[in-house]
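The structure appears right after this line, and notes come after that.
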Amino acid sequence: MWSVRDQVSALAHDVREGRKLGATGKRITDVVNIGIGGSDLGPALVYSALATTRDPQVRVSFVSNVDPTNVTHVLAGLDPASTIVVVCSKSFSTAETLTNARIAQQWLAESLGPESVAQHTIAVFDDCEMHL
C-alpha cells in the first residue's frame, strides 16, 4: 500500500511540476476522475480536503453520472493532449464506469491516436493498485 501511495504522490508532483507530459509533449492541465459510488466519493473527498494545496494550473473534473452525456459534456471543454483520465473502480465490472471510461478512451484515441490512450489513462483498483 505504501508503494502505491508513493506512486500517486510522485505522479501528482510530476503533474504539478509540469514533468508529466501527454503523448504530444503538452503539459497535463486537466485530470478527469471517472468512478461511481465510493470510487467517486473518495477521490472527491480527498480533492476537497486538499483544497488549500491545489495547483491552479491543474483542473480536476469528476464524472460519476450513469448518463453517458455527463462524461461527454465534461470532455467537450478539454484538450485531449493535456488531459489524464483516471478510472477508479473496486472491481472494474461496474457497467457505468466501464461505459464512461470507454467514451473517454475513444475521445482520446480519436484525437491523439489509439497508441496514445495508455499514456493518458490511469486505472486505480480497490486493492490499492495503480496502473499507469
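To be explicit about the labels: the chains of the C-alpha cells are called A, B, and onward in the order shown, and within each one the residues are counted from 1, while ligands get numbers from 1 in the order they are shown.
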
Closest pair table for range 19-88 of chain A residues within 7 Å of range 104-121 of chain A, only C-alpha atoms, as CSV:
```
residue,atom,partner,partner_atom,distance
A:Gly22,CA,A:His120,CA,6.5
A:Ala23,CA,A:Ser116,CA,5.8
A:Pro80,CA,A:Leu108,CA,5.7
A:Ala81,CA,A:Leu112,CA,6.9
A:Thr83,CA,A:His120,CA,6.6
A:Ile84,CA,A:His120,CA,4.6
A:Val85,CA,A:Thr121,CA,4.8
A:Val86,CA,A:Thr121,CA,5.9
```

Residues flagged strand (DSSP E) by DSSP in range 16-86 of chain A, as a ChimeraX atom specification: /A:30-34,59-63,83-86

Contacts of Phe92 in chain A at 10 Å (only C-alpha atoms; same-chain gap of 6+ positions) as a list in words: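 The filter keeps Gly35, Leu98, Ala123, Val124, Phe125 and Asp126 of chain A.
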
Nearest to Ser39 in chain A by atom-to-atom distance, counting only C-alpha atoms, from A:Ser64, A:Ser3, A:Asn70, A:Ser9: A:Ser64

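Proximity to Val74 in chain A was assessed for A:Ile122, A:Cys88, A:Leu45, A:Val31 counting only C-alpha atoms; the smallest distance is recorded for A:Val31.
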
Every residue of range 13-108 of chain A that DSSP places in helix (DSSP H, G or I), as a PyMOL selection string: chain A and resi 13-17+38-49+51-53+69-76+80-82+95-108

Dump C-alpha atoms for the selected residues as a CSV table (one decimal), in the first residue's frame?
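Writing the result to result-v4.csv gives the following:
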```csv
chain,number,residue,atom,x,y,z
A,13,HIS,CA,4.1,16.0,-8.1
A,14,ASP,CA,5.1,15.4,-11.7
A,15,VAL,CA,1.8,16.8,-13.0
A,16,ARG,CA,2.0,19.9,-10.8
A,17,GLU,CA,5.7,20.5,-11.8
A,38,GLY,CA,-17.1,5.3,-3.4
A,39,SER,CA,-14.9,5.4,-6.5
A,40,ASP,CA,-16.2,8.9,-7.0
A,41,LEU,CA,-16.8,10.0,-3.4
A,42,GLY,CA,-13.4,9.0,-2.1
A,43,PRO,CA,-11.4,11.0,-4.7
A,44,ALA,CA,-13.8,13.9,-4.5
A,45,LEU,CA,-13.4,14.0,-0.7
A,46,VAL,CA,-9.6,14.0,-0.9
A,47,TYR,CA,-9.7,16.7,-3.6
A,48,SER,CA,-11.9,18.8,-1.4
A,49,ALA,CA,-9.8,18.2,1.7
A,51,ALA,CA,-8.2,22.5,-1.5
A,52,THR,CA,-5.5,24.7,0.0
A,53,THR,CA,-2.7,22.9,-1.7
A,69,THR,CA,-23.9,12.6,-21.6
A,70,ASN,CA,-22.1,13.7,-18.4
A,71,VAL,CA,-18.7,12.4,-19.5
A,72,THR,CA,-19.3,13.8,-23.0
A,73,HIS,CA,-20.1,17.2,-21.5
A,74,VAL,CA,-17.0,17.2,-19.3
A,75,LEU,CA,-14.7,16.1,-22.1
A,76,ALA,CA,-16.1,18.6,-24.5
A,80,PRO,CA,-7.1,15.6,-25.0
A,81,ALA,CA,-3.4,16.3,-25.4
A,82,SER,CA,-3.3,17.8,-21.9
A,95,ALA,CA,-21.1,-1.1,-16.3
A,96,GLU,CA,-21.5,2.6,-15.8
A,97,THR,CA,-17.8,3.1,-15.0
A,98,LEU,CA,-16.7,1.0,-17.9
A,99,THR,CA,-19.1,2.8,-20.3
A,100,ASN,CA,-17.8,6.2,-19.2
A,101,ALA,CA,-14.2,5.0,-19.4
A,102,ARG,CA,-14.7,3.7,-23.0
A,103,ILE,CA,-16.2,7.0,-24.0
A,104,ALA,CA,-13.2,8.9,-22.6
A,105,GLN,CA,-10.7,6.5,-24.2
A,106,GLN,CA,-12.5,6.7,-27.6
A,107,TRP,CA,-12.3,10.6,-27.2
A,108,LEU,CA,-8.5,10.3,-26.6
```

Residue among A:Val4, A:Leu78, A:Ser89, A:Asp30 lying closest to Val58 in chain A, counting only C-alpha atoms: A:Asp30

Between CA of Asn33 in chain A and CA of Phe62 in chain A - distance in Å to one decimal: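 Result for CA of Phe62 in chain A versus CA of Asn33 in chain A: 4.8 Å, one decimal.
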
Atom-to-atom span, CA of Lys20 in chain A and CA of Arg5 in chain A, Å: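 Separating CA of Lys20 in chain A from CA of Arg5 in chain A is a distance of 17.2 Å.
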
Coordinates-based distance that separates CA of Arg59 in chain A from CA of Thr29 in chain A (Å, one decimal):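 Here the two named atoms are 6.2 Å from each other.
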
Pick from A:Ile28, A:Ala12, A:Leu50, A:Gly18 nearest to Asp79 in chain A, counting only C-alpha atoms: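 Among the listed residues, A:Ile28 lies closest to Asp79 in chain A.
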